[in-house]
Amino acid sequence: MSIKYEIHSIKNAKGTGKEQEFVRIFENQPQTDRQLESYIQDSCSLTKGDIQATLMTLRDCMIRELSHGNRFHIPEIGYFSLSVDLNLPDGKSLEKVRGDDISVRNIKFRPDAELLSEVKKNVRFERAKFSSKSRQYTEEELRERIKEYLAENNCITRRALEQHFGLRPSAALKCLRHFTETGLLKREGAKNSPVYFLNGK
């Protein structure tokens, strides 16, 4: 199955005034525990109980090794290691840094060369026929479209902006917040599911 992708761009990338393009891929949902167990069981003689016990023991080993500052290697898969942060209070000198000032930020993964090579060899990309990018409007265009929508509908919501205006969720929320603050809209309803009306109605 091909991986769907689209091309995005960042304007004035790194303050150079130039536009930088990058690829965004559409990731599918990860397989479930049961799907993984079934796949492994069908591929070898292990039962689902064996697989569950092995995965839990592998997890325990990983916690133990990483907690002791060791890298953790799964043969033919790759290395896991810690990524840490220094949380230095204002005014505290580096000479006075203590263990409490350091925290785990994340767990890094570096694949084995052969695993990475196999993935590269098997992956296929296909340009998506749909887009996750918001449509571009001027403020005046958005204002007029919202007025037109509210002339035919009692209220407007974030979902309506996504479905009828082609905006992403973050852009739709930003739009509603802006037009509420500037007085075009008024917000009502529950905090987690508000609706917006034309101000003055």
# chains A, B, ... in the order shown; residues from 1 in each chain; ligands from 1

call {"tool": "select_by_dssp", "arguments": {"residues": "region 86-149 of chain A", "states": "strand (DSSP E)", "output": "PDB file with all heavy atoms, in the first residue's frame"}}
result
ATOM      1  N   LEU A  86      17.859  19.879  30.682  1.00  0.00           N
ATOM      2  CA  LEU A  86      18.413  20.567  31.847  1.00  0.00           C
ATOM      3  C   LEU A  86      17.434  21.666  32.232  1.00  0.00           C
ATOM      4  O   LEU A  86      17.209  22.615  31.473  1.00  0.00           O
ATOM      5  CB  LEU A  86      19.787  21.158  31.524  1.00  0.00           C
ATOM      6  CG  LEU A  86      20.424  22.026  32.625  1.00  0.00           C
ATOM      7  CD1 LEU A  86      20.635  21.207  33.894  1.00  0.00           C
ATOM      8  CD2 LEU A  86      21.752  22.617  32.133  1.00  0.00           C
ATOM      9  N   ILE A 102      17.815  17.780  36.220  1.00  0.00           N
ATOM     10  CA  ILE A 102      17.819  17.073  34.939  1.00  0.00           C
ATOM     11  C   ILE A 102      16.606  16.147  34.875  1.00  0.00           C
ATOM     12  O   ILE A 102      16.272  15.489  35.861  1.00  0.00           O
ATOM     13  CB  ILE A 102      19.120  16.260  34.770  1.00  0.00           C
ATOM     14  CG1 ILE A 102      20.327  17.199  34.834  1.00  0.00           C
ATOM     15  CG2 ILE A 102      19.120  15.494  33.442  1.00  0.00           C
ATOM     16  CD1 ILE A 102      21.662  16.483  34.900  1.00  0.00           C
ATOM     17  N   SER A 103      15.937  16.127  33.738  1.00  0.00           N
ATOM     18  CA  SER A 103      14.752  15.285  33.584  1.00  0.00           C
ATOM     19  C   SER A 103      14.777  14.591  32.227  1.00  0.00           C
ATOM     20  O   SER A 103      15.422  15.056  31.288  1.00  0.00           O
ATOM     21  CB  SER A 103      13.469  16.115  33.724  1.00  0.00           C
ATOM     22  OG  SER A 103      13.406  17.098  32.697  1.00  0.00           O
ATOM     23  N   VAL A 104      14.053  13.487  32.137  1.00  0.00           N
ATOM     24  CA  VAL A 104      13.946  12.752  30.879  1.00  0.00           C
ATOM     25  C   VAL A 104      12.946  13.461  29.969  1.00  0.00           C
ATOM     26  O   VAL A 104      11.810  13.725  30.377  1.00  0.00           O
ATOM     27  CB  VAL A 104      13.499  11.299  31.119  1.00  0.00           C
ATOM     28  CG1 VAL A 104      13.248  10.589  29.790  1.00  0.00           C
ATOM     29  CG2 VAL A 104      14.533  10.553  31.940  1.00  0.00           C
ATOM     30  N   ARG A 105      13.379  13.808  28.769  1.00  0.00           N
ATOM     31  CA  ARG A 105      12.481  14.451  27.813  1.00  0.00           C
ATOM     32  C   ARG A 105      11.784  13.417  26.939  1.00  0.00           C
ATOM     33  O   ARG A 105      10.588  13.504  26.695  1.00  0.00           O
ATOM     34  CB  ARG A 105      13.244  15.430  26.921  1.00  0.00           C
ATOM     35  CG  ARG A 105      12.347  16.095  25.862  1.00  0.00           C
ATOM     36  CD  ARG A 105      13.044  17.216  25.116  1.00  0.00           C
ATOM     37  NE  ARG A 105      14.101  16.724  24.245  1.00  0.00           N
ATOM     38  CZ  ARG A 105      15.386  17.010  24.383  1.00  0.00           C
ATOM     39  NH1 ARG A 105      15.791  17.772  25.382  1.00  0.00           N
ATOM     40  NH2 ARG A 105      16.290  16.543  23.546  1.00  0.00           N
ATOM     41  N   ASN A 106      12.555  12.429  26.469  1.00  0.00           N
ATOM     42  CA  ASN A 106      11.971  11.471  25.536  1.00  0.00           C
ATOM     43  C   ASN A 106      12.879  10.240  25.433  1.00  0.00           C
ATOM     44  O   ASN A 106      13.946  10.197  26.041  1.00  0.00           O
ATOM     45  CB  ASN A 106      11.804  12.110  24.155  1.00  0.00           C
ATOM     46  CG  ASN A 106      10.611  11.570  23.405  1.00  0.00           C
ATOM     47  OD1 ASN A 106      10.173  10.438  23.643  1.00  0.00           O
ATOM     48  ND2 ASN A 106      10.067  12.357  22.496  1.00  0.00           N
ATOM     49  N   ILE A 107      12.445   9.281  24.657  1.00  0.00           N
ATOM     50  CA  ILE A 107      13.255   8.110  24.346  1.00  0.00           C
ATOM     51  C   ILE A 107      13.569   8.140  22.854  1.00  0.00           C
ATOM     52  O   ILE A 107      12.655   8.207  22.016  1.00  0.00           O
ATOM     53  CB  ILE A 107      12.528   6.796  24.712  1.00  0.00           C
ATOM     54  CG1 ILE A 107      12.297   6.738  26.229  1.00  0.00           C
ATOM     55  CG2 ILE A 107      13.327   5.578  24.249  1.00  0.00           C
ATOM     56  CD1 ILE A 107      11.453   5.546  26.671  1.00  0.00           C
ATOM     57  N   LYS A 108      14.840   8.156  22.527  1.00  0.00           N
ATOM     58  CA  LYS A 108      15.266   8.204  21.134  1.00  0.00           C
ATOM     59  C   LYS A 108      15.365   6.793  20.568  1.00  0.00           C
ATOM     60  O   LYS A 108      15.624   5.847  21.292  1.00  0.00           O
ATOM     61  CB  LYS A 108      16.627   8.897  21.013  1.00  0.00           C
ATOM     62  CG  LYS A 108      16.650  10.332  21.497  1.00  0.00           C
ATOM     63  CD  LYS A 108      18.016  10.966  21.298  1.00  0.00           C
ATOM     64  CE  LYS A 108      19.057  10.336  22.221  1.00  0.00           C
ATOM     65  NZ  LYS A 108      20.378  11.013  22.117  1.00  0.00           N
ATOM     66  N   PHE A 109      15.187   6.702  19.253  1.00  0.00           N
ATOM     67  CA  PHE A 109      15.332   5.411  18.581  1.00  0.00           C
ATOM     68  C   PHE A 109      16.210   5.576  17.358  1.00  0.00           C
ATOM     69  O   PHE A 109      16.017   6.496  16.560  1.00  0.00           O
ATOM     70  CB  PHE A 109      13.959   4.879  18.155  1.00  0.00           C
ATOM     71  CG  PHE A 109      14.045   3.643  17.290  1.00  0.00           C
ATOM     72  CD1 PHE A 109      14.520   2.444  17.813  1.00  0.00           C
ATOM     73  CD2 PHE A 109      13.669   3.683  15.956  1.00  0.00           C
ATOM     74  CE1 PHE A 109      14.616   1.307  17.019  1.00  0.00           C
ATOM     75  CE2 PHE A 109      13.760   2.557  15.157  1.00  0.00           C
ATOM     76  CZ  PHE A 109      14.237   1.362  15.690  1.00  0.00           C
ATOM     77  N   ARG A 110      17.206   4.692  17.225  1.00  0.00           N
ATOM     78  CA  ARG A 110      18.055   4.665  16.032  1.00  0.00           C
ATOM     79  C   ARG A 110      17.972   3.275  15.431  1.00  0.00           C
ATOM     80  O   ARG A 110      18.421   2.306  16.033  1.00  0.00           O
ATOM     81  CB  ARG A 110      19.508   5.005  16.374  1.00  0.00           C
ATOM     82  CG  ARG A 110      20.416   5.029  15.134  1.00  0.00           C
ATOM     83  CD  ARG A 110      21.804   5.536  15.486  1.00  0.00           C
ATOM     84  NE  ARG A 110      22.514   4.657  16.387  1.00  0.00           N
ATOM     85  CZ  ARG A 110      23.151   3.539  15.996  1.00  0.00           C
ATOM     86  NH1 ARG A 110      23.138   3.163  14.734  1.00  0.00           N
ATOM     87  NH2 ARG A 110      23.796   2.810  16.889  1.00  0.00           N
ATOM     88  N   PRO A 111      17.376   3.157  14.245  1.00  0.00           N
ATOM     89  CA  PRO A 111      17.192   1.824  13.649  1.00  0.00           C
ATOM     90  C   PRO A 111      18.510   1.214  13.196  1.00  0.00           C
ATOM     91  O   PRO A 111      19.443   1.924  12.823  1.00  0.00           O
ATOM     92  CB  PRO A 111      16.277   2.106  12.453  1.00  0.00           C
ATOM     93  CG  PRO A 111      16.580   3.525  12.081  1.00  0.00           C
ATOM     94  CD  PRO A 111      16.862   4.228  13.375  1.00  0.00           C
ATOM     95  N   PHE A 125       5.453   5.788  -2.308  1.00  0.00           N
ATOM     96  CA  PHE A 125       4.747   7.037  -2.017  1.00  0.00           C
ATOM     97  C   PHE A 125       3.817   7.399  -3.171  1.00  0.00           C
ATOM     98  O   PHE A 125       4.121   7.153  -4.336  1.00  0.00           O
ATOM     99  CB  PHE A 125       5.744   8.181  -1.784  1.00  0.00           C
ATOM    100  CG  PHE A 125       6.589   8.003  -0.554  1.00  0.00           C
ATOM    101  CD1 PHE A 125       7.897   7.523  -0.660  1.00  0.00           C
ATOM    102  CD2 PHE A 125       6.092   8.294   0.701  1.00  0.00           C
ATOM    103  CE1 PHE A 125       8.678   7.349   0.469  1.00  0.00           C
ATOM    104  CE2 PHE A 125       6.866   8.114   1.835  1.00  0.00           C
ATOM    105  CZ  PHE A 125       8.170   7.641   1.715  1.00  0.00           C
ATOM    106  N   GLU A 126       2.695   7.997  -2.818  1.00  0.00           N
ATOM    107  CA  GLU A 126       1.713   8.429  -3.809  1.00  0.00           C
ATOM    108  C   GLU A 126       1.110   9.754  -3.372  1.00  0.00           C
ATOM    109  O   GLU A 126       0.691   9.891  -2.218  1.00  0.00           O
ATOM    110  CB  GLU A 126       0.612   7.370  -3.943  1.00  0.00           C
ATOM    111  CG  GLU A 126      -0.502   7.746  -4.897  1.00  0.00           C
ATOM    112  CD  GLU A 126      -1.621   6.708  -4.887  1.00  0.00           C
ATOM    113  OE1 GLU A 126      -1.386   5.576  -4.416  1.00  0.00           O
ATOM    114  OE2 GLU A 126      -2.729   7.046  -5.335  1.00  0.00           O
ATOM    115  N   ARG A 127       1.078  10.705  -4.270  1.00  0.00           N
ATOM    116  CA  ARG A 127       0.550  12.030  -3.912  1.00  0.00           C
ATOM    117  C   ARG A 127      -0.940  11.926  -3.583  1.00  0.00           C
ATOM    118  O   ARG A 127      -1.716  11.324  -4.321  1.00  0.00           O
ATOM    119  CB  ARG A 127       0.764  13.023  -5.041  1.00  0.00           C
ATOM    120  CG  ARG A 127       0.471  14.459  -4.631  1.00  0.00           C
ATOM    121  CD  ARG A 127       1.208  15.445  -5.491  1.00  0.00           C
ATOM    122  NE  ARG A 127       1.228  16.773  -4.899  1.00  0.00           N
ATOM    123  CZ  ARG A 127       2.100  17.706  -5.224  1.00  0.00           C
ATOM    124  NH1 ARG A 127       3.038  17.455  -6.112  1.00  0.00           N
ATOM    125  NH2 ARG A 127       2.065  18.886  -4.647  1.00  0.00           N
TER     126      ARG A 127
END

call {"tool": "select_by_dssp", "arguments": {"residues": "region 2-165 of chain A", "states": "helix (DSSP H, G or I)", "output": "NGL selection string"}}
result
:A and (13-15 or 33-43 or 48-67 or 94-96 or 99-101 or 113-122 or 139-152 or 158-165)

call {"tool": "residues_around", "arguments": {"residues": "Leu184 (chain A)", "least_positions_apart": "6", "cutoff": "10 Å", "atoms": "only C-alpha atoms", "output": "mmCIF file with N, CA, C and O atoms, in the first residue's frame"}}
result
data_model
loop_
_atom_site.group_PDB
_atom_site.id
_atom_site.type_symbol
_atom_site.label_atom_id
_atom_site.label_comp_id
_atom_site.auth_asym_id
_atom_site.auth_seq_id
_atom_site.Cartn_x
_atom_site.Cartn_y
_atom_site.Cartn_z
ATOM 1 N N ARG A 143 -15.070 37.148 6.507
ATOM 2 C CA ARG A 143 -16.167 37.898 7.123
ATOM 3 C C ARG A 143 -17.443 37.766 6.288
ATOM 4 O O ARG A 143 -18.527 37.483 6.813
ATOM 5 N N ILE A 146 -18.862 34.161 6.314
ATOM 6 C CA ILE A 146 -19.540 33.872 7.578
ATOM 7 C C ILE A 146 -20.921 34.535 7.598
ATOM 8 O O ILE A 146 -21.916 33.923 8.017
ATOM 9 N N LYS A 147 -21.007 35.761 7.125
ATOM 10 C CA LYS A 147 -22.295 36.453 7.074
ATOM 11 C C LYS A 147 -23.271 35.714 6.163
ATOM 12 O O LYS A 147 -24.458 35.564 6.483
ATOM 13 N N LEU A 176 -12.777 31.758 14.518
ATOM 14 C CA LEU A 176 -13.899 32.037 15.417
ATOM 15 C C LEU A 176 -13.474 32.944 16.566
ATOM 16 O O LEU A 176 -14.213 33.855 16.959
ATOM 17 N N HIS A 178 -11.033 35.142 16.513
ATOM 18 C CA HIS A 178 -10.774 36.483 15.981
ATOM 19 C C HIS A 178 -12.077 37.263 15.774
ATOM 20 O O HIS A 178 -12.193 38.421 16.200
ATOM 21 N N TYR A 196 -21.754 29.786 17.623
ATOM 22 C CA TYR A 196 -21.506 31.221 17.415
ATOM 23 C C TYR A 196 -22.642 31.815 16.594
ATOM 24 O O TYR A 196 -23.093 31.228 15.603
ATOM 25 N N PHE A 197 -23.092 33.004 17.045
ATOM 26 C CA PHE A 197 -24.169 33.712 16.378
ATOM 27 C C PHE A 197 -23.647 35.060 15.883
ATOM 28 O O PHE A 197 -22.658 35.590 16.403
ATOM 29 N N LEU A 198 -24.330 35.596 14.892
ATOM 30 C CA LEU A 198 -23.991 36.936 14.423
ATOM 31 C C LEU A 198 -24.352 37.928 15.502
ATOM 32 O O LEU A 198 -25.464 37.907 16.042
ATOM 33 N N ASN A 199 -23.418 38.759 15.894
ATOM 34 C CA ASN A 199 -23.625 39.707 16.977
ATOM 35 C C ASN A 199 -24.732 40.688 16.600
ATOM 36 O O ASN A 199 -24.766 41.198 15.490
ATOM 37 N N GLY A 200 -25.669 40.917 17.507
ATOM 38 C CA GLY A 200 -26.742 41.847 17.235
ATOM 39 C C GLY A 200 -28.042 41.151 16.897
ATOM 40 O O GLY A 200 -29.101 41.761 16.856
#

call {"tool": "residues_around", "arguments": {"residues": "Asp101 (chain A)", "least_positions_apart": "4", "cutoff": "8 Å", "atoms": "only C-alpha atoms", "output": "ChimeraX atom specification"}}
result
/A:86-88,97

call {"tool": "write_last_selection", "arguments": {"atoms": "N, CA, C and O atoms", "output": "PDB file, in the first residue's frame"}}
result
ATOM      1  N   LEU A  86      17.859  19.879  30.682  1.00  0.00           N
ATOM      2  CA  LEU A  86      18.413  20.567  31.847  1.00  0.00           C
ATOM      3  C   LEU A  86      17.434  21.666  32.232  1.00  0.00           C
ATOM      4  O   LEU A  86      17.209  22.615  31.473  1.00  0.00           O
ATOM      5  N   ASN A  87      16.812  21.526  33.418  1.00  0.00           N
ATOM      6  CA  ASN A  87      15.836  22.510  33.895  1.00  0.00           C
ATOM      7  C   ASN A  87      16.517  23.417  34.913  1.00  0.00           C
ATOM      8  O   ASN A  87      16.351  23.259  36.125  1.00  0.00           O
ATOM      9  N   LEU A  88      17.277  24.357  34.399  1.00  0.00           N
ATOM     10  CA  LEU A  88      18.094  25.210  35.269  1.00  0.00           C
ATOM     11  C   LEU A  88      17.301  26.432  35.719  1.00  0.00           C
ATOM     12  O   LEU A  88      16.882  27.254  34.897  1.00  0.00           O
ATOM     13  N   VAL A  97      24.545  22.740  39.372  1.00  0.00           N
ATOM     14  CA  VAL A  97      23.535  21.832  38.827  1.00  0.00           C
ATOM     15  C   VAL A  97      23.543  20.516  39.611  1.00  0.00           C
ATOM     16  O   VAL A  97      24.602  19.945  39.883  1.00  0.00           O
TER      17      VAL A  97
END

call {"tool": "closest_residue", "arguments": {"among": "A:Ala53, A:Val123, A:Leu46, A:Leu185", "to": "Met1 (chain A)", "atoms": "only C-alpha atoms"}}
result
A:Val123

call {"tool": "residues_around", "arguments": {"residues": "Ile74 (chain A)", "least_positions_apart": "5", "cutoff": "10 Å", "atoms": "only C-alpha atoms", "output": "ChimeraX atom specification"}}
result
/A:58,62,79-80,111-112

call {"tool": "closest_residue", "arguments": {"among": "A:Cys155, A:Ala171, A:Leu116, A:Leu150", "to": "Arg135 (chain A)", "atoms": "only C-alpha atoms"}}
result
A:Ala171
